[in-house]
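A.B. asks: Input file: protein-v5.txt. Contents: compact mmCIF, C-alpha atoms.
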```
# COMPACT_ATOMS: atom_id res chain seq x y z
CA MET A 2 83.71 -101.85 -78.00
CA SER A 3 86.74 -101.53 -75.77
CA GLY A 4 87.08 -97.85 -76.60
CA GLY A 5 84.23 -96.88 -74.30
CA ARG A 6 82.12 -98.18 -71.45
CA ARG A 7 78.38 -98.58 -71.40
CA GLU A 8 76.13 -99.01 -68.44
CA GLY A 9 75.17 -102.59 -67.77
CA SER A 10 71.62 -103.87 -67.62
CA LEU A 11 69.81 -103.47 -64.31
CA GLU A 12 67.41 -106.28 -65.14
CA ALA A 13 67.80 -109.77 -63.68
CA PRO A 14 70.09 -112.01 -65.78
CA THR A 15 68.39 -114.38 -68.19
CA ARG A 16 70.01 -117.41 -69.77
CA HIS A 17 69.70 -118.48 -73.39
CA THR A 18 69.37 -122.15 -74.15
CA LEU A 19 72.41 -123.96 -75.53
CA ASP A 20 72.07 -124.69 -79.24
CA TRP A 21 74.55 -127.54 -79.03
CA ARG A 22 72.88 -129.74 -81.65
CA SER A 23 73.32 -127.21 -84.48
CA ALA A 24 76.15 -127.43 -87.03
CA GLU A 25 77.08 -123.78 -86.49
CA PHE A 26 77.75 -124.45 -82.82
CA TYR A 27 80.82 -126.50 -83.86
CA ASP A 28 81.97 -124.22 -86.70
CA GLU A 29 85.32 -122.69 -85.68
CA ALA A 30 84.96 -119.54 -87.79
CA PRO A 31 81.85 -118.14 -86.01
CA LEU A 32 83.22 -119.45 -82.70
CA PHE A 33 86.38 -117.35 -83.03
CA GLU A 34 84.35 -114.34 -84.15
CA GLU A 35 82.29 -114.60 -80.97
CA LEU A 36 85.38 -115.20 -78.82
CA GLU A 37 86.98 -112.03 -80.17
CA ARG A 38 83.77 -110.04 -79.66
CA VAL A 39 83.32 -111.15 -76.07
CA PHE A 40 87.02 -110.87 -75.21
CA ASP A 41 86.93 -107.29 -76.48
CA ILE A 42 84.03 -106.49 -74.16
CA CYS A 43 85.82 -108.17 -71.24
CA HIS A 44 89.00 -106.22 -72.00
CA GLY A 45 87.08 -102.95 -71.85
CA CYS A 46 85.45 -103.85 -68.54
CA ARG A 47 87.85 -106.04 -66.49
CA ARG A 48 85.49 -106.43 -63.53
CA CYS A 49 86.24 -110.16 -63.42
CA PHE A 50 90.01 -109.81 -62.98
CA ASN A 51 89.88 -111.45 -59.53
CA LEU A 52 87.78 -114.50 -60.35
CA CYS A 53 89.35 -117.45 -62.19
CA ASN A 54 92.60 -117.31 -64.14
CA SER A 55 90.85 -116.99 -67.52
CA PHE A 56 90.58 -113.25 -67.16
CA PRO A 57 94.16 -112.47 -66.04
CA THR A 58 95.35 -114.71 -68.90
CA LEU A 59 93.32 -112.68 -71.37
CA PHE A 60 94.15 -109.27 -69.93
CA ASP A 61 97.88 -110.00 -69.69
CA ALA A 62 97.88 -111.16 -73.32
CA VAL A 63 96.14 -107.95 -74.39
CA ASP A 64 98.51 -105.73 -72.41
CA GLU A 65 101.57 -107.53 -73.80
CA SER A 66 100.40 -107.40 -77.43
CA GLU A 67 101.64 -104.86 -79.94
CA THR A 68 98.23 -103.20 -80.32
CA MET A 69 97.25 -103.52 -76.63
CA GLU A 70 93.85 -104.60 -77.93
CA VAL A 71 92.28 -108.02 -78.47
CA ASP A 72 93.12 -107.92 -82.19
CA GLY A 73 96.79 -108.17 -81.22
CA VAL A 74 96.38 -111.38 -79.20
CA PRO A 75 97.47 -114.60 -80.98
CA LYS A 76 94.58 -116.99 -81.52
CA GLU A 77 96.41 -119.81 -79.71
CA VAL A 78 96.14 -117.74 -76.52
CA TYR A 79 92.37 -117.99 -76.83
CA TRP A 80 92.68 -121.66 -75.94
CA ASP A 81 94.67 -120.79 -72.81
CA VAL A 82 91.73 -118.62 -71.72
CA VAL A 83 89.35 -121.51 -72.41
CA ASP A 84 91.49 -123.97 -70.44
CA HIS A 85 91.40 -121.79 -67.33
CA CYS A 86 87.59 -121.63 -67.30
CA TYR A 87 86.06 -124.32 -65.11
CA LEU A 88 82.45 -123.21 -65.64
CA CYS A 89 81.89 -121.90 -62.11
CA ASP A 90 79.41 -119.36 -63.56
CA MET A 91 80.42 -116.65 -61.09
CA CYS A 92 81.30 -114.12 -63.79
CA TYR A 93 77.84 -114.53 -65.32
CA MET A 94 75.88 -114.44 -62.09
CA SER A 95 77.77 -111.94 -59.98
CA LYS A 96 80.10 -109.72 -62.00
CA CYS A 97 79.24 -109.20 -65.65
CA PRO A 98 76.97 -106.20 -66.40
CA TYR A 99 76.52 -107.28 -70.02
CA VAL A 100 74.69 -110.58 -69.64
CA PRO A 101 71.28 -111.00 -71.30
CA PRO A 102 68.93 -109.15 -71.52
CA HIS A 103 71.65 -106.57 -72.19
CA GLU A 104 72.04 -106.13 -75.94
CA TRP A 105 75.70 -107.18 -75.84
CA ASN A 106 74.51 -110.65 -74.81
CA VAL A 107 77.65 -111.86 -73.03
CA ASP A 108 77.62 -115.40 -71.63
CA PHE A 109 81.29 -116.07 -70.95
CA PRO A 110 80.91 -119.52 -69.32
CA HIS A 111 78.75 -120.93 -72.10
CA LEU A 112 81.04 -119.46 -74.73
CA MET A 113 83.92 -121.28 -73.03
CA LEU A 114 81.77 -124.42 -72.97
CA ARG A 115 81.14 -124.07 -76.70
CA ALA A 116 84.88 -123.77 -77.31
CA LYS A 117 85.55 -126.85 -75.18
CA ALA A 118 82.89 -128.75 -77.14
CA VAL A 119 84.36 -127.68 -80.48
CA ARG A 120 87.81 -128.85 -79.43
CA PHE A 121 86.50 -132.12 -77.99
CA LYS A 122 84.59 -132.89 -81.19
CA LYS A 123 87.71 -132.18 -83.26
CA GLU A 124 90.47 -133.62 -81.07
CA GLY A 125 88.88 -135.73 -78.34
CA ALA A 126 90.49 -135.63 -74.89
CA SER A 127 93.70 -136.78 -73.27
CA THR A 128 93.85 -140.05 -71.37
CA ARG A 129 94.18 -138.08 -68.12
CA ASP A 130 91.08 -136.00 -68.81
CA LYS A 131 89.05 -139.02 -69.89
CA ILE A 132 89.92 -140.82 -66.66
CA LEU A 133 89.24 -137.82 -64.40
CA SER A 134 85.83 -137.25 -65.98
CA ALA A 135 84.79 -140.93 -65.92
CA THR A 136 83.72 -140.75 -62.28
CA ASP A 137 81.35 -143.72 -62.32
CA ARG A 138 83.65 -146.04 -64.23
CA VAL A 139 86.76 -145.17 -62.22
CA GLY A 140 84.86 -145.27 -58.94
CA LYS A 141 83.37 -148.67 -59.72
CA LEU A 142 86.77 -150.11 -60.63
CA ALA A 143 88.62 -148.48 -57.73
CA GLY A 144 85.92 -149.61 -55.31
CA ILE A 145 86.40 -153.33 -55.95
CA PRO A 146 87.36 -154.75 -52.52
CA VAL A 147 90.61 -156.26 -53.81
CA VAL A 148 91.53 -153.05 -55.63
CA VAL A 149 90.41 -150.33 -53.22
CA LYS A 150 93.23 -150.79 -50.69
CA ALA A 151 95.85 -150.60 -53.42
CA VAL A 152 94.30 -147.49 -54.99
CA ASN A 153 93.99 -145.69 -51.67
CA GLY A 154 97.50 -146.77 -50.71
CA ILE A 155 98.97 -145.35 -53.92
CA ASN A 156 97.06 -142.10 -53.42
CA ARG A 157 98.47 -141.75 -49.89
CA SER A 158 102.10 -142.51 -50.69
CA LYS A 159 104.65 -140.00 -51.97
CA THR A 160 106.02 -142.53 -54.42
CA GLY A 161 102.56 -143.33 -55.74
CA ARG A 162 101.71 -139.67 -56.17
CA LYS A 163 104.96 -139.00 -58.04
CA LEU A 164 104.05 -141.87 -60.36
CA LEU A 165 100.56 -140.45 -60.93
CA GLU A 166 102.06 -137.07 -61.73
CA ALA A 167 104.54 -138.54 -64.18
CA THR A 168 102.08 -140.83 -65.96
CA LEU A 169 98.75 -139.00 -65.79
CA GLY A 170 99.61 -135.41 -64.96
CA VAL A 171 97.81 -135.47 -61.60
CA HIS A 172 99.72 -133.10 -59.32
CA ARG A 173 101.48 -134.92 -56.49
CA ASN A 174 100.23 -132.49 -53.82
CA ALA A 175 96.64 -132.10 -54.97
CA PRO A 176 94.04 -133.63 -52.66
CA VAL A 177 92.50 -136.72 -54.26
CA PRO A 178 89.48 -138.58 -52.90
CA GLU A 179 89.50 -141.86 -51.05
CA TYR A 180 87.49 -144.72 -52.56
CA HIS A 181 85.13 -147.03 -50.68
CA SER A 182 84.02 -150.53 -51.60
CA LYS A 183 81.03 -150.18 -49.26
CA THR A 184 79.35 -147.35 -51.11
CA ALA A 185 76.59 -145.10 -49.84
CA ARG A 186 74.06 -146.96 -51.96
CA LYS A 187 75.13 -150.23 -50.31
CA ARG A 188 75.00 -148.69 -46.83
CA LEU A 189 71.57 -147.21 -47.51
CA ALA A 190 70.18 -150.18 -49.46
CA ARG A 191 67.18 -150.30 -47.10
CA LEU A 192 65.93 -147.12 -48.78
CA VAL A 193 65.76 -148.54 -52.31
CA GLY A 194 62.12 -148.94 -53.22
CA ALA A 195 60.92 -147.36 -49.96
CA ASN A 196 57.48 -145.80 -50.40
CA PRO A 197 56.08 -144.38 -47.14
CA VAL A 198 52.37 -144.19 -46.50
CA ASP A 199 52.44 -141.52 -43.79
CA VAL A 200 53.90 -138.41 -45.39
CA LYS A 201 53.61 -134.91 -43.97
CA PRO A 202 53.68 -132.44 -46.87
CA SER A 203 53.92 -128.74 -46.19
CA GLU A 204 53.12 -125.62 -48.13
CA ASN A 205 56.49 -125.60 -49.90
CA THR A 206 57.50 -129.28 -49.95
CA ARG A 207 55.84 -132.59 -50.64
CA GLY A 208 57.50 -134.09 -47.60
CA LYS A 209 59.23 -137.15 -49.04
CA VAL A 210 62.61 -137.12 -50.75
CA VAL A 211 64.60 -139.06 -53.31
CA LEU A 212 68.29 -138.88 -52.43
CA TYR A 213 70.45 -138.71 -55.53
CA THR A 214 73.63 -139.93 -53.85
CA SER A 215 76.04 -138.55 -56.53
CA CYS A 216 79.30 -140.15 -57.68
CA TYR A 217 81.31 -138.45 -54.97
CA GLY A 218 78.83 -139.08 -52.18
CA ASN A 219 78.31 -142.67 -53.21
CA ARG A 220 81.88 -143.86 -53.81
CA ASN A 221 84.23 -141.30 -52.22
CA HIS A 222 82.49 -139.80 -49.19
CA PRO A 223 79.52 -142.02 -48.27
CA SER A 224 79.24 -140.52 -44.78
CA ILE A 225 77.83 -137.35 -46.37
CA ASP A 226 74.84 -139.31 -47.66
CA GLU A 227 74.52 -141.17 -44.37
CA ASP A 228 74.51 -137.90 -42.41
CA LEU A 229 71.88 -136.43 -44.71
CA VAL A 230 69.64 -139.44 -44.26
CA ALA A 231 70.04 -139.30 -40.47
CA VAL A 232 69.16 -135.58 -40.33
CA TYR A 233 66.18 -135.91 -42.67
CA GLU A 234 64.77 -138.93 -40.87
CA HIS A 235 65.23 -137.09 -37.56
CA ASN A 236 63.03 -134.40 -39.08
CA GLY A 237 60.35 -136.88 -40.09
CA ILE A 238 61.19 -136.72 -43.79
CA PRO A 239 60.98 -140.16 -45.45
CA LEU A 240 63.65 -140.94 -48.05
CA THR A 241 64.22 -143.36 -50.87
CA LEU A 242 66.94 -144.10 -53.40
CA ALA A 243 66.31 -144.47 -57.13
CA GLU A 244 66.74 -148.01 -58.37
CA ARG A 245 69.56 -146.75 -60.55
CA GLU A 246 71.58 -143.56 -60.98
CA THR A 247 74.65 -142.53 -62.94
CA CYS A 248 76.88 -139.44 -62.95
CA CYS A 249 74.97 -136.18 -63.36
CA GLY A 250 77.27 -135.29 -66.28
CA MET A 251 79.06 -132.27 -64.84
CA PRO A 252 82.61 -133.69 -65.32
CA LYS A 253 81.82 -134.45 -68.97
CA LEU A 254 80.27 -131.00 -69.40
CA GLU A 255 83.49 -129.38 -68.17
CA LEU A 256 85.37 -131.50 -70.71
CA GLY A 257 83.09 -130.40 -73.56
CA ASP A 258 81.82 -133.96 -74.15
CA LEU A 259 78.18 -133.01 -74.60
CA GLU A 260 77.15 -136.34 -76.11
CA ALA A 261 78.28 -138.07 -72.90
CA VAL A 262 76.18 -135.57 -70.93
CA ALA A 263 73.19 -136.53 -73.10
CA LYS A 264 73.79 -140.24 -72.45
CA ALA A 265 73.85 -139.67 -68.67
CA LYS A 266 70.67 -137.62 -68.96
CA GLU A 267 68.93 -140.49 -70.76
CA ILE A 268 69.62 -142.72 -67.75
CA ASN A 269 68.88 -140.33 -64.88
CA ILE A 270 66.01 -138.19 -66.09
CA PRO A 271 63.37 -140.86 -66.90
CA ILE A 272 63.90 -142.51 -63.51
CA LEU A 273 63.82 -139.28 -61.52
CA ALA A 274 60.91 -137.84 -63.50
CA ALA A 275 58.84 -140.94 -62.80
CA MET A 276 59.54 -140.54 -59.09
CA VAL A 277 58.51 -136.89 -59.25
CA ASP A 278 55.24 -138.08 -60.79
CA ASP A 279 54.85 -140.35 -57.74
CA GLY A 280 55.07 -137.36 -55.41
CA TRP A 281 58.77 -137.24 -54.51
CA ASP A 282 61.04 -134.22 -54.17
CA ILE A 283 64.77 -134.68 -54.95
CA VAL A 284 67.93 -133.62 -53.12
CA THR A 285 71.60 -134.21 -53.84
CA PRO A 286 74.46 -133.49 -51.41
CA ILE A 287 76.88 -132.02 -53.99
CA PRO A 288 76.19 -128.47 -55.27
CA SER A 289 77.57 -129.23 -58.74
CA CYS A 290 75.11 -132.09 -59.19
CA THR A 291 72.22 -129.93 -58.02
CA LEU A 292 73.25 -127.21 -60.47
CA MET A 293 73.51 -129.71 -63.30
CA PHE A 294 69.88 -130.76 -62.86
CA LYS A 295 68.58 -127.29 -62.06
CA GLN A 296 70.40 -125.32 -64.77
CA GLU A 297 72.66 -127.03 -67.28
CA LEU A 298 70.43 -129.90 -68.38
CA PRO A 299 67.38 -127.61 -68.78
CA LEU A 300 69.49 -125.26 -70.93
CA MET A 301 70.71 -128.17 -73.05
CA PHE A 302 67.28 -129.78 -73.36
CA PRO A 303 64.80 -126.89 -73.14
CA ASP A 304 61.98 -128.79 -74.88
CA ASP A 305 62.13 -131.91 -72.71
CA PRO A 306 59.26 -131.81 -70.20
CA GLU A 307 60.84 -134.52 -68.05
CA VAL A 308 64.02 -132.45 -67.64
CA ALA A 309 61.88 -129.50 -66.55
CA LYS A 310 59.98 -131.73 -64.15
CA VAL A 311 63.19 -132.87 -62.46
CA ARG A 312 64.52 -129.29 -62.37
CA ASP A 313 61.44 -128.08 -60.55
CA ALA A 314 61.64 -130.88 -57.96
CA MET A 315 65.41 -130.60 -57.32
CA TYR A 316 66.64 -128.94 -54.10
CA ASP A 317 69.85 -128.21 -52.28
CA PRO A 318 69.59 -130.22 -49.02
CA PHE A 319 69.78 -127.15 -46.76
CA GLU A 320 67.37 -125.25 -48.98
CA TYR A 321 64.90 -128.09 -48.42
CA LEU A 322 65.37 -128.04 -44.65
CA MET A 323 64.85 -124.29 -44.52
CA LEU A 324 61.64 -124.64 -46.53
CA ARG A 325 60.45 -127.13 -43.91
CA HIS A 326 61.42 -124.62 -41.22
CA LYS A 327 59.47 -121.90 -43.01
CA ASP A 328 56.42 -124.16 -42.89
CA GLY A 329 56.92 -124.96 -39.21
CA GLU A 330 57.97 -128.56 -39.85
CA LEU A 331 61.63 -128.46 -38.77
CA ASN A 332 62.89 -130.15 -35.62
CA THR A 333 64.82 -127.48 -33.69
CA GLY A 334 65.56 -129.63 -30.65
CA PHE A 335 69.33 -129.35 -30.87
CA LYS A 336 71.42 -131.08 -28.20
CA LYS A 337 74.66 -129.10 -28.42
CA SER A 338 76.07 -125.90 -29.87
CA LEU A 339 78.62 -125.83 -32.67
CA GLY A 340 80.63 -122.79 -31.62
CA LYS A 341 82.30 -120.73 -34.34
CA ILE A 342 82.20 -122.05 -37.90
CA SER A 343 84.16 -120.84 -40.93
CA TYR A 344 81.94 -121.62 -43.92
CA GLN A 345 83.15 -121.45 -47.51
CA VAL A 346 80.26 -121.15 -49.96
CA PRO A 347 81.01 -123.12 -53.16
CA CYS A 348 80.61 -121.28 -56.45
CA HIS A 349 78.14 -123.84 -57.80
CA LEU A 350 75.94 -123.18 -54.77
CA ARG A 351 76.21 -119.40 -54.94
CA VAL A 352 75.05 -119.29 -58.56
CA GLN A 353 71.84 -121.16 -57.70
CA ASN A 354 70.52 -117.89 -56.21
CA ILE A 355 68.85 -119.52 -53.24
CA GLY A 356 70.62 -117.48 -50.58
CA LEU A 357 72.80 -118.79 -47.77
CA LYS A 358 70.59 -121.63 -46.61
CA THR A 359 73.43 -123.65 -45.10
CA ARG A 360 74.42 -120.69 -42.93
CA ASP A 361 70.79 -120.02 -41.98
CA MET A 362 70.29 -123.64 -40.94
CA LEU A 363 73.47 -123.87 -38.87
CA GLN A 364 72.69 -120.59 -37.13
CA LEU A 365 69.45 -122.07 -35.82
CA VAL A 366 71.67 -124.10 -33.50
CA PRO A 367 71.99 -122.19 -30.18
CA ASP A 368 75.33 -120.52 -29.42
CA THR A 369 76.55 -121.04 -32.97
CA GLN A 370 78.23 -118.36 -35.07
CA VAL A 371 78.85 -118.80 -38.81
CA GLU A 372 81.48 -116.73 -40.63
CA VAL A 373 80.63 -116.82 -44.33
CA ILE A 374 83.42 -116.83 -46.93
CA GLU A 375 82.08 -116.15 -50.41
CA ARG A 376 85.23 -116.79 -52.43
CA CYS A 377 86.28 -119.60 -54.74
CA SER A 378 88.23 -122.55 -53.35
CA GLY A 379 90.16 -122.95 -56.59
CA HIS A 380 89.34 -126.66 -56.75
CA ASP A 381 86.50 -126.61 -59.25
CA GLY A 382 86.04 -130.18 -60.38
CA THR A 383 89.22 -131.55 -61.89
CA TYR A 384 91.06 -128.22 -62.34
CA ALA A 385 93.04 -128.29 -59.10
CA VAL A 386 94.31 -131.85 -59.48
CA LYS A 387 95.88 -131.23 -62.90
CA LYS A 388 99.64 -130.74 -62.83
CA GLU A 389 99.56 -127.61 -64.98
CA PHE A 390 96.84 -125.86 -62.96
CA HIS A 391 97.38 -126.90 -59.34
CA GLU A 392 99.59 -124.00 -58.27
CA ILE A 393 97.21 -121.54 -59.92
CA SER A 394 94.31 -123.15 -58.06
CA ARG A 395 96.16 -122.58 -54.79
CA LYS A 396 96.57 -118.92 -55.68
CA ILE A 397 92.85 -118.62 -56.37
CA ALA A 398 92.15 -120.23 -52.99
CA ARG A 399 94.48 -117.95 -51.05
CA PRO A 400 91.83 -115.40 -49.93
CA VAL A 401 89.75 -118.24 -48.45
CA VAL A 402 92.79 -119.80 -46.80
CA ASN A 403 93.75 -116.49 -45.22
CA LYS A 404 90.25 -115.92 -43.85
CA VAL A 405 90.15 -119.41 -42.35
CA LYS A 406 93.52 -118.85 -40.72
CA ARG A 407 92.46 -115.52 -39.25
CA GLY A 408 89.05 -116.80 -38.19
CA GLU A 409 90.41 -119.39 -35.74
CA ALA A 410 87.03 -121.10 -35.78
CA ASP A 411 86.07 -124.34 -34.08
CA HIS A 412 85.09 -125.87 -37.42
CA PHE A 413 85.74 -125.31 -41.12
CA VAL A 414 83.07 -126.49 -43.56
CA SER A 415 82.06 -126.27 -47.19
CA ASP A 416 79.08 -127.81 -48.97
CA CYS A 417 81.58 -129.08 -51.54
CA PRO A 418 83.82 -131.71 -49.92
CA MET A 419 86.46 -131.29 -52.62
CA ALA A 420 86.62 -127.54 -51.97
CA ALA A 421 86.86 -128.20 -48.24
CA GLU A 422 89.84 -130.53 -48.71
CA GLN A 423 91.57 -128.02 -50.98
CA ILE A 424 91.35 -125.31 -48.30
CA ALA A 425 92.04 -127.50 -45.28
CA GLN A 426 95.26 -128.76 -46.85
CA GLU A 427 96.63 -125.21 -46.66
CA VAL A 428 95.73 -124.56 -43.01
CA ASP A 429 97.47 -126.20 -40.05
CA ASN A 430 95.32 -128.07 -37.53
CA VAL A 431 92.12 -127.68 -39.55
CA ASP A 432 89.98 -130.65 -40.60
CA ALA A 433 87.55 -130.31 -43.48
CA LYS A 434 83.98 -131.11 -42.47
CA ASN A 435 80.67 -131.20 -44.24
CA PRO A 436 77.95 -128.93 -42.81
CA MET A 437 75.45 -131.81 -42.76
CA SER A 438 77.81 -133.73 -40.50
CA LEU A 439 77.93 -130.76 -38.11
CA LEU A 440 74.16 -130.51 -38.15
CA ARG A 441 73.86 -134.20 -37.29
CA SER A 442 76.26 -133.62 -34.40
CA ALA A 443 74.15 -130.69 -33.18
CA TYR A 444 71.09 -132.92 -33.15
CA GLY A 445 73.04 -135.55 -31.19
CA ILE A 446 72.05 -138.39 -33.53
```
Give the structure from this file in structure tokens form.

C.D. replies:
Amino acid sequence: MSGGRREGSLEAPTRHTLDWRSAEFYDEAPLFEELERVFDICHGCRRCFNLCNSFPTLFDAVDESETMEVDGVPKEVYWDVVDHCYLCDMCYMSKCPYVPPHEWNVDFPHLMLRAKAVRFKKEGASTRDKILSATDRVGKLAGIPVVVKAVNGINRSKTGRKLLEATLGVHRNAPVPEYHSKTARKRLARLVGANPVDVKPSENTRGKVVLYTSCYGNRNHPSIDEDLVAVYEHNGIPLTLAERETCCGMPKLELGDLEAVAKAKEINIPILAAMVDDGWDIVTPIPSCTLMFKQELPLMFPDDPEVAKVRDAMYDPFEYLMLRHKDGELNTGFKKSLGKISYQVPCHLRVQNIGLKTRDMLQLVPDTQVEVIERCSGHDGTYAVKKEFHEISRKIARPVVNKVKRGEADHFVSDCPMAAEQIAQEVDNVDAKNPMSLLRSAYGI
């Protein structure tokens, strides 16, 4: 296939469900056949050379091989390509002309996911990767009042970071989150079980919202959830918290531990689906969590009506606010302008295909200008904190860093707080902010 180019499909991309329960899914022989087929197509196209490091790894291996074709690439290099994929989905959604319904049927991210799952089933995962993907368990332990000061202290000290690098392979310079013993769910406990009587639905929303706080929002950055609640309540949108929630499963998905994803789904979905039945919409402050419920779980469990129910009720928080604005239900009584904002759009938000709702919302604030940066931050879950990938992640982030430096904006924001920290660390005198926090400031609340 690499000997010639074909025109890509002009139809909208479609996504096949993930047949992860079948025996063939975990059979290495057909997996490697499909890897070679897809890699050959990618080699003949090369449109994705400037996305993640999977593609340069593949293309360099091809160019350095004796045949200068995929058949000359050692099979062990295939795993290097897999390791550099962090399932951002940008190649599928924005670059590849051969995704379904094109007959070549290329789904690079889900092929990488299959490879990760095959390896996990065969070999398991390293201690480092198990810890980094166990967000609930680690967050609960690190958030114990007696423990939290020690954990945060180690993460802030050079000696502690050198120790983490030596023992766990967490790069000493990678931004790592702070932990809080007073979690968002504790701070917002008044919302648990809340069931308002006076609700103002609109044409596009039901007007009352379940906040899925997320692991990161709950334990690492609770102010994000607090800011969201303040903005929504200022707009007359009642909120509640589910009685229980666990990790959405995205970290385990990136690891290839699909059974752990299924276990998390069995906790979250019945609770959220029941609340949808009671008339609630759902928002989550982290784009990766939103994407997990809107895309990955429905593709893993296509025949589960409760998964579909949650998918259809799940919104990005700014998407929800803009729907309220469309229906004339948004409070636009802003108290102060925000000036110039540099806004990095996370990959997991871009691939939701909802448009730039965060930008649109912020630009409703008078005398506010938003410069949009649609490039990857290089953080991507746990990728940037790993010793072997951190410097590569910085290289991926360089175009964003350069734009922020040149922009000289009053604020730098990203919907993904981890992405924001990754970029801000590279720019002098720039603090990473969350756009919901800026919006709360504009409202003066």

A.B. asks: Using only C-alpha atoms, collect all residues at a distance of at most 8 Å from (84.7, -121.1, -55.9) as written in the file, then present them as a list in words.

C.D. replies: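 All residues meeting the 8 Å criterion around (84.7, -121.1, -55.9) are Cys89, Val346, Pro347, Cys348, His349, Glu375, Arg376, Cys377, Ser378, Gly379, His380, Asp381 and Ala420 of chain A.
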
A.B. asks: From the options A:Thr15, A:Asn106, A:Asn51, A:Ser215, which residue's atoms come nearest to A:Arg38, counting all atoms listed in the file?

C.D. replies: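 Under the stated criterion, the closest residue is A:Asn106.
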
A.B. asks: Quick one: pull the distance between atom CA of A:Gly356 and atom CA of A:Lys295, Å, one decimal.

C.D. replies: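 Atom-to-atom, atom CA of A:Gly356 and atom CA of A:Lys295 are spaced 15.2 Å apart.
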
A.B. asks: Would you mind listing what lies within 9 Å of A:Val78 as a PDB file with C-alpha atoms, in the frame of the given file, with all atoms listed in the file counted and same-chain residues fewer than 5 positions away left out?

C.D. replies:
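File written: result_24.pdb
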```pdb
ATOM      1  CA  THR A  58      95.350-114.710 -68.900  1.00  0.00           C
ATOM      2  CA  LEU A  59      93.320-112.680 -71.370  1.00  0.00           C
ATOM      3  CA  ALA A  62      97.880-111.160 -73.320  1.00  0.00           C
ATOM      4  CA  VAL A  83      89.350-121.510 -72.410  1.00  0.00           C
TER       5      VAL A  83
END
```

A.B. asks: Identify, on the basis of all atoms listed in the file, every residue whose closest approach to A:Ala126 does not exceed 8 Å; exclude the query and any residue fewer than 5 positions from it along the same chain; express the result as a ChimeraX atom specification.

C.D. replies: /A:121,131,256

A.B. asks: Using all atoms listed in the file, which of A:Glu297, A:Glu307, A:Glu389, A:Asp84 sits nearest A:Leu169?

C.D. replies: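 Of all the options, A:Glu389 lies closest to A:Leu169.
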
A.B. asks: Please identify all polymer residues within 9 Å of A:Val277, counting only C-alpha atoms, omitting same-chain residues fewer than 6 positions from it, and present them as a ChimeraX atom specification.

C.D. replies: /A:211,283,310-311,314

A.B. asks: Counting all atoms listed in the file, which of A:Asp258, A:Glu246, A:Asp226, A:Glu409 gets nearest to A:Asn435?

C.D. replies: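 Nearest candidate to A:Asn435 out of A:Asp258, A:Glu246, A:Asp226, A:Glu409: A:Asp226.
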
A.B. asks: Please compute the atom CA of A:Tyr213-atom CA of A:Thr285 distance, one decimal, in Å.

C.D. replies: 4.9 Å

A.B. asks: Please report the interatomic distance between atom CA of A:Gln423 and atom CA of A:Cys248 in Å with one decimal.

C.D. replies: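 Going from atom CA of A:Gln423 over to atom CA of A:Cys248, I get 22.1 Å.
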
A.B. asks: Just checking: using all atoms listed in the file, which residue out of A:Ser343, A:Asn174, A:Asn196, A:Thr18 ends up closest to A:Ser415?

C.D. replies: A:Ser343

A.B. asks: Need to verify the contact set: A:Ala13, 12 Å, only C-alpha atoms, exclusion of same-chain residues closer than 2 positions in sequence. Can you return it as a list of chain:residue names?

C.D. replies: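 Counting only the stated atoms, we get A:Gly9, A:Ser10, A:Leu11, A:Thr15, A:Arg16, A:Tyr93, A:Met94, A:Ser95, A:Cys97, A:Pro98, A:Tyr99, A:Val100, A:Pro101, A:Pro102, A:His103, A:Asn354.
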
A.B. asks: Residues at most 12 Å from stretch 397-405 of chain A, counting only C-alpha atoms, excluding those fewer than 5 positions away in the same chain, as a VMD selection string?

C.D. replies: chain A and resid 50 to 55 57 85 341 to 347 371 to 381 384 to 385 390 to 392 410 to 415 420 to 433

A.B. asks: Measuring atom to atom with only C-alpha atoms, identify which of A:Phe33, A:Trp281, A:Tyr444, A:Tyr321 is nearest to A:Glu77.

C.D. replies: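 Nearest candidate to A:Glu77 out of A:Phe33, A:Trp281, A:Tyr444, A:Tyr321: A:Phe33.
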
A.B. asks: Name the residues within 10 Å of (55.4, -145.0, -50.1), counting all atoms listed in the file in the file's coordinates, and put them as a list of chain:residue names.

C.D. replies: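 Checked against the point, the hits come out as A:Gly194, A:Ala195, A:Asn196, A:Pro197, A:Val198, A:Asp199, A:Val200, A:Lys209, A:Pro239, A:Leu240, A:Thr241, A:Asp279, A:Gly280, A:Trp281.
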
A.B. asks: Here is a test: counting all atoms listed in the file, which residue of A:Pro271, A:Pro306, A:Gly161, A:Gly237 is nearest to A:Lys201?

C.D. replies: A:Gly237

A.B. asks: Return as JSON the centre and edge lengths, in Å with one decimal, of the box along x, y and z that encloses every atom of stretch 62-68 of chain A in the file, padded by 8 Å per side.

C.D. replies:
```
{"center_x": 98.9, "center_y": -107.2, "center_z": -76.4, "size_x": 21.5, "size_y": 24.0, "size_z": 23.9}
```
